[in-house]
Amino acid sequence: MILDETKILKVSPDLSGEGDVEKLQFAAEIIKKGGLVAFPTETVYGLGANALDEKAVASIFTAKGRAQDNPLIVHVADRGDIDKYAFADGNGKADILRKQMPAPLTVILPKRDIIPFTVTAGLGNVAMRVPQNVVARKLIELSGLPISAPSANLSGKPSPTKAWHVIADMNGRADVIIDGGDCAVGLESTVISLCYDIPRLLRPGGFTYEKLCELLGKVEISDAVLEQLKEGQKPESPGMKYKHYAPETSVILVKGSMFKVREFLSGKCEDEKCGIICFDEDTDARCDRILVMGSRKNEQEYAEKMFDALRSTDLLSGIDTVYAVLPETTDGISLAIYNRMLRAAAFNIIEL
Ligand code: TXA
Ligand code: MG
């Protein structure tokens with residue numbers, strides 16, 4: 001930190017409020033001076049620093065308690081800036097994906113020398129992203145710098161999708177926290193690597209696998225997306241090997257048809273003092289230990305509420321287990337929901 005205490009600055013999501021741009025100007029100065037700024041994106045909140053300043057980048061790892069071998073995403077305001085930091089021009093697949101940006105999509109490409117190895121954790125490739133969120137893009141623009149930013153949570157905790165999540169984890173660790181409201185997508189960007197012969201999906205997210213296949217043809221899905229890494233197996237995305245997204249409460253996943261899930265949950269509600277995360281259709285019971293994630297017909301709402309629900313289970317009193325119902329398939333955004341929830345539950349799943 002370069003300030004004595006964390007400054008929390010509230011702005012309206014479209015920057016229409018009085019003084020909003022001045023607040024971002026202040027935050028941009030902090031970035032230029034080597035400080036840390038937490039800011040909203042359309043996916044989750046990020047904890048940003050000047051990507052060209054090794055010392056500032058190193059302080060991100062300290063603030064989060066992040067493992068040194070887990071690389072960071074570099075954020076730019078304009079897709080035309082990607083080639084300044086990564087080799088993108090002349091790469092047909094990179095061109096196709098760049099045209100989709102701004103988007104909840106991160107592309108891994110060979111890095112240029114200007115990006116320090118502290119950002120990439122020693123790798124020769126760098127992850128690049130152009131966020132859609134207006135506040136994020138304005139902050140980057142005003143700083144005139146590329147901003148490296150992981151999710152603004154303490155390592156291991158659920159990613160932050162609301163300002164209070166960031167304040168809970170980063171007060172006293174970041175110089176500035178910009179409160180720009182709730183994140184629309186609710187889970188992190190899709191990470192795809194173009195550093196293989198066939199593009200490889202390393203982390204599913206807001207930009208779906210189906211859409212990537214439509215654009216690029218064949219896309220391989222990394223084993224680590226839905227499976228637990230085997231002893232000694234090296235992940236393609238270093239982030240995949242760490243304990244992730246877990247609340248203090250232990251999470252047990254439940255998967256099955258609505259009929260079976262309803263039966264299971266009504267038994268649990270009677271016999272055990274547990275928390276429940278489920279779709280609207282899964283139970284008639286209404287109590288303060290049930291977190292409803294919208295309809296089975298709209299998994300986007302589940303994605304949006306998921307991290308908040310995981311954090312909120314720790315606020316439910318007297319429970320030590322939460323049963324979380326999964327969508328029935330891994331289509332669309334549900335692939336990302338599975339990927340996060342499997343980790344939050346340490347792959348503990350009941351198939352009904
Ligand atoms: O939506 C998002 O992507 C958010 C917002 C703030 O932009 N950021 C985010 O960053 O989720 P983080 O650090 O929590 O996750 C980045 C993931 C990690 O799993 C990391 O290992 C992987 O991307 N990654 C980053 N650079 C990489 C690289 N050069 N090669 C392989 N994986 C990389
Ligand atoms: Mg993260």
# chains A, B, ... in the order shown; residues from 1 in each chain; ligands from 1
call {"tool": "residues_around", "arguments": {"residues": "Thr161 in chain A", "least_positions_apart": "5", "cutoff": "12 Å", "atoms": "only C-alpha atoms", "output": "count of residues only"}}
result
34
call {"tool": "residues_around", "arguments": {"residues": "Tyr209 in chain A", "least_positions_apart": "3", "cutoff": "8 Å", "atoms": "only C-alpha atoms", "output": "list in words"}}
result
Leu201, Pro204, Leu212, Cys213, Val219 and Gly332 of chain A
call {"tool": "residues_near_ligand", "arguments": {"ligand": "ligand 1", "cutoff": "8 Å", "atoms": "only C-alpha atoms and all ligand atoms", "output": "PyMOL selection string"}}
result
chain A and resi 40-47+70-73+75+104-106+108-109+119-121+123-127+129+131+149-152+159+187-191+193+202-203+205+236-240
call {"tool": "residues_around", "arguments": {"residues": "Cys269 in chain A", "least_positions_apart": "2", "cutoff": "10 Å", "atoms": "only C-alpha atoms", "output": "PyMOL selection string"}}
result
chain A and resi 264-267+271-276+283+285+287+289-290
call {"tool": "residues_around", "arguments": {"residues": "Thr330 in chain A", "least_positions_apart": "4", "cutoff": "12 Å", "atoms": "only C-alpha atoms", "output": "PyMOL selection string"}}
result
chain A and resi 204-205+208-210+225-226+255+299+326+334-339+341
call {"tool": "write_last_selection", "arguments": {"atoms": "N, CA, C and O atoms", "output": "JSON list (two decimals), in the first residue's frame"}}
result
[["chain", "number", "residue", "atom", "x", "y", "z"],
["A", 204, "PRO", "N", -13.46, -22.06, -18.20],
["A", 204, "PRO", "CA", -14.73, -21.62, -18.80],
["A", 204, "PRO", "C", -15.24, -20.40, -18.04],
["A", 204, "PRO", "O", -14.92, -20.21, -16.87],
["A", 205, "GLY", "N", -16.02, -19.56, -18.73],
["A", 205, "GLY", "CA", -16.53, -18.35, -18.07],
["A", 205, "GLY", "C", -17.69, -17.77, -18.83],
["A", 205, "GLY", "O", -18.44, -18.50, -19.51],
["A", 208, "THR", "N", -19.06, -18.38, -23.79],
["A", 208, "THR", "CA", -19.22, -19.83, -23.72],
["A", 208, "THR", "C", -18.31, -20.62, -24.68],
["A", 208, "THR", "O", -17.87, -20.11, -25.71],
["A", 209, "TYR", "N", -18.09, -21.87, -24.31],
["A", 209, "TYR", "CA", -17.33, -22.82, -25.14],
["A", 209, "TYR", "C", -17.99, -22.98, -26.51],
["A", 209, "TYR", "O", -17.33, -23.01, -27.54],
["A", 210, "GLU", "N", -19.33, -23.07, -26.52],
["A", 210, "GLU", "CA", -20.07, -23.23, -27.78],
["A", 210, "GLU", "C", -19.76, -22.06, -28.72],
["A", 210, "GLU", "O", -19.54, -22.25, -29.91],
["A", 225, "VAL", "N", -10.54, -28.53, -16.28],
["A", 225, "VAL", "CA", -11.80, -27.77, -16.19],
["A", 225, "VAL", "C", -12.83, -28.51, -15.32],
["A", 225, "VAL", "O", -13.47, -27.93, -14.46],
["A", 226, "LEU", "N", -12.97, -29.83, -15.56],
["A", 226, "LEU", "CA", -13.98, -30.57, -14.81],
["A", 226, "LEU", "C", -13.41, -31.69, -13.95],
["A", 226, "LEU", "O", -14.15, -32.37, -13.25],
["A", 255, "LYS", "N", -26.67, -33.37, -7.58],
["A", 255, "LYS", "CA", -27.00, -33.32, -8.99],
["A", 255, "LYS", "C", -28.09, -34.33, -9.29],
["A", 255, "LYS", "O", -28.01, -35.48, -8.88],
["A", 299, "GLU", "N", -29.81, -20.37, -16.20],
["A", 299, "GLU", "CA", -28.58, -20.61, -15.43],
["A", 299, "GLU", "C", -27.74, -19.34, -15.27],
["A", 299, "GLU", "O", -26.88, -19.28, -14.41],
["A", 326, "LEU", "N", -26.62, -28.47, -8.48],
["A", 326, "LEU", "CA", -25.97, -28.07, -9.74],
["A", 326, "LEU", "C", -26.99, -28.06, -10.87],
["A", 326, "LEU", "O", -27.97, -28.81, -10.84],
["A", 334, "SER", "N", -23.26, -23.08, -17.82],
["A", 334, "SER", "CA", -23.21, -24.10, -16.76],
["A", 334, "SER", "C", -21.83, -24.78, -16.68],
["A", 334, "SER", "O", -21.45, -25.26, -15.61],
["A", 335, "LEU", "N", -21.09, -24.81, -17.77],
["A", 335, "LEU", "CA", -19.73, -25.38, -17.70],
["A", 335, "LEU", "C", -18.89, -24.59, -16.69],
["A", 335, "LEU", "O", -18.14, -25.18, -15.90],
["A", 336, "ALA", "N", -19.05, -23.27, -16.71],
["A", 336, "ALA", "CA", -18.31, -22.43, -15.75],
["A", 336, "ALA", "C", -18.84, -22.62, -14.33],
["A", 336, "ALA", "O", -18.07, -22.65, -13.37],
["A", 337, "ILE", "N", -20.15, -22.78, -14.20],
["A", 337, "ILE", "CA", -20.73, -23.02, -12.87],
["A", 337, "ILE", "C", -20.16, -24.32, -12.29],
["A", 337, "ILE", "O", -19.71, -24.37, -11.15],
["A", 338, "TYR", "N", -20.15, -25.39, -13.09],
["A", 338, "TYR", "CA", -19.57, -26.67, -12.64],
["A", 338, "TYR", "C", -18.11, -26.49, -12.23],
["A", 338, "TYR", "O", -17.68, -26.97, -11.19],
["A", 339, "ASN", "N", -17.34, -25.82, -13.08],
["A", 339, "ASN", "CA", -15.91, -25.64, -12.82],
["A", 339, "ASN", "C", -15.66, -24.97, -11.46],
["A", 339, "ASN", "O", -14.81, -25.42, -10.68],
["A", 341, "MET", "N", -18.00, -24.56, -8.87],
["A", 341, "MET", "CA", -18.64, -25.24, -7.74],
["A", 341, "MET", "C", -17.90, -26.54, -7.38],
["A", 341, "MET", "O", -17.81, -26.89, -6.20]]
call {"tool": "atom_distance", "arguments": {"atom1": "CA of Glu351 in chain A", "atom2": "CA of Val251 in chain A"}}
result
14.3 Å
call {"tool": "closest_residue", "arguments": {"among": "A:Gln233, A:Gln300, A:Gln228, A:Thr249", "to": "Phe347 in chain A", "atoms": "only C-alpha atoms"}}
result
A:Gln228
call {"tool": "closest_residue", "arguments": {"among": "A:Asn50, A:Thr6, A:Ser59, A:Ser155", "to": "ligand 2", "atoms": "only C-alpha atoms and all ligand atoms"}}
result
A:Ser155
call {"tool": "select_by_dssp", "arguments": {"residues": "range 244-290 of chain A", "states": "alpha helix (DSSP H)", "output": "list of chain:residue names"}}
result
A:Met258, A:Phe259, A:Lys260, A:Val261, A:Arg262, A:Glu263, A:Phe264, A:Leu265, A:Ser266, A:Gly267, A:Lys268, A:Cys269, A:Glu270, A:Asp271
call {"tool": "closest_residue", "arguments": {"among": "A:Ile8, A:Ile221, A:Ile178, A:Ala246", "to": "ligand 2", "atoms": "only C-alpha atoms and all ligand atoms"}}
result
A:Ala246
call {"tool": "atom_distance", "arguments": {"atom1": "CA of Glu22 in chain A", "atom2": "CA of Leu142 in chain A"}}
result
10.1 Å
call {"tool": "residues_around", "arguments": {"residues": "Ala51 in chain A", "least_positions_apart": "6", "cutoff": "8 Å", "atoms": "only C-alpha atoms", "output": "compact mmCIF listing (two decimals) with N, CA and C atoms, in the first residue's frame"}}
result
# COMPACT_ATOMS: atom_id res chain seq x y z
N VAL A 57 3.34 -4.90 -9.11
CA VAL A 57 2.77 -6.22 -9.42
C VAL A 57 3.04 -7.19 -8.26
N VAL A 74 -3.51 -9.29 -17.87
CA VAL A 74 -3.26 -7.87 -18.16
C VAL A 74 -4.49 -7.28 -18.84
N ILE A 115 6.40 -6.76 -20.95
CA ILE A 115 5.66 -7.34 -19.81
C ILE A 115 6.63 -8.11 -18.91
N PRO A 116 6.75 -7.66 -17.65
CA PRO A 116 7.70 -8.34 -16.75
C PRO A 116 7.27 -9.77 -16.41
N VAL A 119 4.54 -10.62 -13.83
CA VAL A 119 3.14 -10.70 -14.23
C VAL A 119 2.78 -12.12 -14.67
N LEU A 145 -2.07 3.14 -18.68
CA LEU A 145 -1.20 1.97 -18.48
C LEU A 145 -1.99 0.67 -18.62
N PRO A 146 -1.30 -0.42 -18.95
CA PRO A 146 -1.96 -1.73 -18.85
C PRO A 146 -2.07 -2.08 -17.36
N ILE A 147 -3.19 -2.65 -16.96
CA ILE A 147 -3.38 -2.96 -15.53
C ILE A 147 -3.47 -4.47 -15.33
N SER A 148 -2.54 -5.00 -14.53
CA SER A 148 -2.62 -6.43 -14.22
C SER A 148 -3.52 -6.59 -13.01
call {"tool": "select_by_dssp", "arguments": {"residues": "range 222-352 of chain A", "states": "strand (DSSP E)", "output": "list of chain:residue names"}}
result
A:Ser250, A:Val251, A:Ile252, A:Leu253, A:Val254, A:Lys255, A:Gly275, A:Ile276, A:Ile277, A:Cys278, A:Ile290, A:Leu291, A:Val292, A:Thr321, A:Val322, A:Tyr323, A:Ala324, A:Val325, A:Ile349, A:Ile350, A:Glu351
call {"tool": "write_last_selection", "arguments": {"atoms": "N, CA and C atoms", "output": "PDB file, in the first residue's frame"}}
result
ATOM      1  N   SER A 250     -18.601 -26.265   4.825  1.00  0.00           N
ATOM      2  CA  SER A 250     -18.246 -27.217   3.770  1.00  0.00           C
ATOM      3  C   SER A 250     -19.400 -27.384   2.788  1.00  0.00           C
ATOM      4  N   VAL A 251     -19.016 -27.473   1.520  1.00  0.00           N
ATOM      5  CA  VAL A 251     -20.001 -27.500   0.443  1.00  0.00           C
ATOM      6  C   VAL A 251     -20.125 -28.931  -0.090  1.00  0.00           C
ATOM      7  N   ILE A 252     -21.347 -29.439  -0.211  1.00  0.00           N
ATOM      8  CA  ILE A 252     -21.590 -30.731  -0.854  1.00  0.00           C
ATOM      9  C   ILE A 252     -22.514 -30.485  -2.046  1.00  0.00           C
ATOM     10  N   LEU A 253     -22.096 -30.924  -3.227  1.00  0.00           N
ATOM     11  CA  LEU A 253     -22.882 -30.688  -4.431  1.00  0.00           C
ATOM     12  C   LEU A 253     -23.927 -31.784  -4.609  1.00  0.00           C
ATOM     13  N   VAL A 254     -25.041 -31.405  -5.197  1.00  0.00           N
ATOM     14  CA  VAL A 254     -26.136 -32.350  -5.442  1.00  0.00           C
ATOM     15  C   VAL A 254     -26.547 -32.214  -6.901  1.00  0.00           C
ATOM     16  N   LYS A 255     -26.669 -33.372  -7.579  1.00  0.00           N
ATOM     17  CA  LYS A 255     -26.996 -33.323  -8.993  1.00  0.00           C
ATOM     18  C   LYS A 255     -28.093 -34.333  -9.295  1.00  0.00           C
ATOM     19  N   GLY A 275     -27.354 -25.503   5.324  1.00  0.00           N
ATOM     20  CA  GLY A 275     -27.717 -24.479   4.357  1.00  0.00           C
ATOM     21  C   GLY A 275     -28.037 -25.138   3.027  1.00  0.00           C
ATOM     22  N   ILE A 276     -28.811 -24.454   2.199  1.00  0.00           N
ATOM     23  CA  ILE A 276     -29.147 -25.005   0.885  1.00  0.00           C
ATOM     24  C   ILE A 276     -29.010 -23.921  -0.184  1.00  0.00           C
ATOM     25  N   ILE A 277     -28.345 -24.289  -1.287  1.00  0.00           N
ATOM     26  CA  ILE A 277     -28.258 -23.411  -2.461  1.00  0.00           C
ATOM     27  C   ILE A 277     -28.972 -24.175  -3.572  1.00  0.00           C
ATOM     28  N   CYS A 278     -30.052 -23.629  -4.117  1.00  0.00           N
ATOM     29  CA  CYS A 278     -30.786 -24.391  -5.121  1.00  0.00           C
ATOM     30  C   CYS A 278     -31.585 -23.495  -6.053  1.00  0.00           C
ATOM     31  N   ILE A 290     -32.041 -21.135   3.104  1.00  0.00           N
ATOM     32  CA  ILE A 290     -32.117 -21.523   1.694  1.00  0.00           C
ATOM     33  C   ILE A 290     -31.802 -20.325   0.811  1.00  0.00           C
ATOM     34  N   LEU A 291     -30.805 -20.462  -0.025  1.00  0.00           N
ATOM     35  CA  LEU A 291     -30.452 -19.386  -0.955  1.00  0.00           C
ATOM     36  C   LEU A 291     -30.922 -19.800  -2.344  1.00  0.00           C
ATOM     37  N   VAL A 292     -31.887 -19.085  -2.879  1.00  0.00           N
ATOM     38  CA  VAL A 292     -32.485 -19.451  -4.166  1.00  0.00           C
ATOM     39  C   VAL A 292     -31.755 -18.729  -5.296  1.00  0.00           C
ATOM     40  N   THR A 321     -22.586 -27.294   7.072  1.00  0.00           N
ATOM     41  CA  THR A 321     -22.624 -27.849   5.716  1.00  0.00           C
ATOM     42  C   THR A 321     -23.656 -27.105   4.888  1.00  0.00           C
ATOM     43  N   VAL A 322     -23.323 -26.900   3.612  1.00  0.00           N
ATOM     44  CA  VAL A 322     -24.324 -26.385   2.687  1.00  0.00           C
ATOM     45  C   VAL A 322     -24.438 -27.366   1.515  1.00  0.00           C
ATOM     46  N   TYR A 323     -25.682 -27.751   1.174  1.00  0.00           N
ATOM     47  CA  TYR A 323     -25.922 -28.589  -0.009  1.00  0.00           C
ATOM     48  C   TYR A 323     -26.223 -27.653  -1.172  1.00  0.00           C
ATOM     49  N   ALA A 324     -25.476 -27.783  -2.252  1.00  0.00           N
ATOM     50  CA  ALA A 324     -25.666 -26.889  -3.400  1.00  0.00           C
ATOM     51  C   ALA A 324     -26.072 -27.704  -4.621  1.00  0.00           C
ATOM     52  N   VAL A 325     -27.226 -27.396  -5.174  1.00  0.00           N
ATOM     53  CA  VAL A 325     -27.723 -28.110  -6.358  1.00  0.00           C
ATOM     54  C   VAL A 325     -27.033 -27.558  -7.598  1.00  0.00           C
ATOM     55  N   ILE A 349     -19.426 -34.637  -4.412  1.00  0.00           N
ATOM     56  CA  ILE A 349     -20.683 -34.542  -5.151  1.00  0.00           C
ATOM     57  C   ILE A 349     -21.574 -35.770  -4.925  1.00  0.00           C
ATOM     58  N   ILE A 350     -22.866 -35.528  -4.722  1.00  0.00           N
ATOM     59  CA  ILE A 350     -23.852 -36.615  -4.591  1.00  0.00           C
ATOM     60  C   ILE A 350     -24.666 -36.644  -5.881  1.00  0.00           C
ATOM     61  N   GLU A 351     -24.607 -37.773  -6.616  1.00  0.00           N
ATOM     62  CA  GLU A 351     -25.420 -37.884  -7.825  1.00  0.00           C
ATOM     63  C   GLU A 351     -26.664 -38.672  -7.484  1.00  0.00           C
TER      64      GLU A 351
END
call {"tool": "residues_around", "arguments": {"residues": "Leu15 in chain A", "least_positions_apart": "5", "cutoff": "9 Å", "atoms": "only C-alpha atoms", "output": "list of chain:residue names"}}
result
A:Asp20, A:Val21, A:Val134, A:Val135, A:Gly180
call {"tool": "write_last_selection", "arguments": {"atoms": "all heavy atoms", "output": "mmCIF file, in the first residue's frame"}}
result
data_model
loop_
_atom_site.group_PDB
_atom_site.id
_atom_site.type_symbol
_atom_site.label_atom_id
_atom_site.label_comp_id
_atom_site.auth_asym_id
_atom_site.auth_seq_id
_atom_site.Cartn_x
_atom_site.Cartn_y
_atom_site.Cartn_z
ATOM 1 N N ASP A 20 -17.786 11.457 -10.414
ATOM 2 C CA ASP A 20 -17.358 10.074 -10.678
ATOM 3 C C ASP A 20 -16.011 10.023 -11.410
ATOM 4 O O ASP A 20 -15.109 9.257 -11.039
ATOM 5 C CB ASP A 20 -18.409 9.328 -11.527
ATOM 6 C CG ASP A 20 -19.615 8.891 -10.705
ATOM 7 O OD1 ASP A 20 -19.576 9.069 -9.462
ATOM 8 O OD2 ASP A 20 -20.581 8.378 -11.294
ATOM 9 N N VAL A 21 -15.869 10.841 -12.440
ATOM 10 C CA VAL A 21 -14.637 10.792 -13.230
ATOM 11 C C VAL A 21 -13.447 11.296 -12.398
ATOM 12 O O VAL A 21 -12.347 10.737 -12.465
ATOM 13 C CB VAL A 21 -14.798 11.579 -14.556
ATOM 14 C CG1 VAL A 21 -13.472 11.637 -15.324
ATOM 15 C CG2 VAL A 21 -15.875 10.925 -15.427
ATOM 16 N N VAL A 134 -17.725 -0.243 -17.962
ATOM 17 C CA VAL A 134 -17.374 1.149 -18.269
ATOM 18 C C VAL A 134 -16.390 1.723 -17.239
ATOM 19 O O VAL A 134 -15.443 2.431 -17.589
ATOM 20 C CB VAL A 134 -18.671 2.001 -18.290
ATOM 21 C CG1 VAL A 134 -18.372 3.468 -18.474
ATOM 22 C CG2 VAL A 134 -19.612 1.506 -19.367
ATOM 23 N N VAL A 135 -16.617 1.414 -15.967
ATOM 24 C CA VAL A 135 -15.750 1.936 -14.904
ATOM 25 C C VAL A 135 -14.330 1.382 -15.079
ATOM 26 O O VAL A 135 -13.337 2.117 -15.005
ATOM 27 C CB VAL A 135 -16.299 1.560 -13.504
ATOM 28 C CG1 VAL A 135 -15.379 2.045 -12.401
ATOM 29 C CG2 VAL A 135 -17.717 2.095 -13.331
ATOM 30 N N GLY A 180 -18.438 0.123 -7.644
ATOM 31 C CA GLY A 180 -19.203 0.448 -8.858
ATOM 32 C C GLY A 180 -20.415 -0.456 -9.007
ATOM 33 O O GLY A 180 -20.859 -0.718 -10.120
#
call {"tool": "residues_around", "arguments": {"residues": "Ser295 in chain A", "least_positions_apart": "3", "cutoff": "8 Å", "atoms": "only C-alpha atoms", "output": "list in words"}}
result
Phe279, Asp280, Glu281, Asn298, Glu299 and Glu301 of chain A
call {"tool": "closest_residue", "arguments": {"among": "A:Gly65, A:Gly17, A:Gly48, A:Pro158", "to": "ligand 2", "atoms": "only C-alpha atoms and all ligand atoms"}}
result
A:Pro158
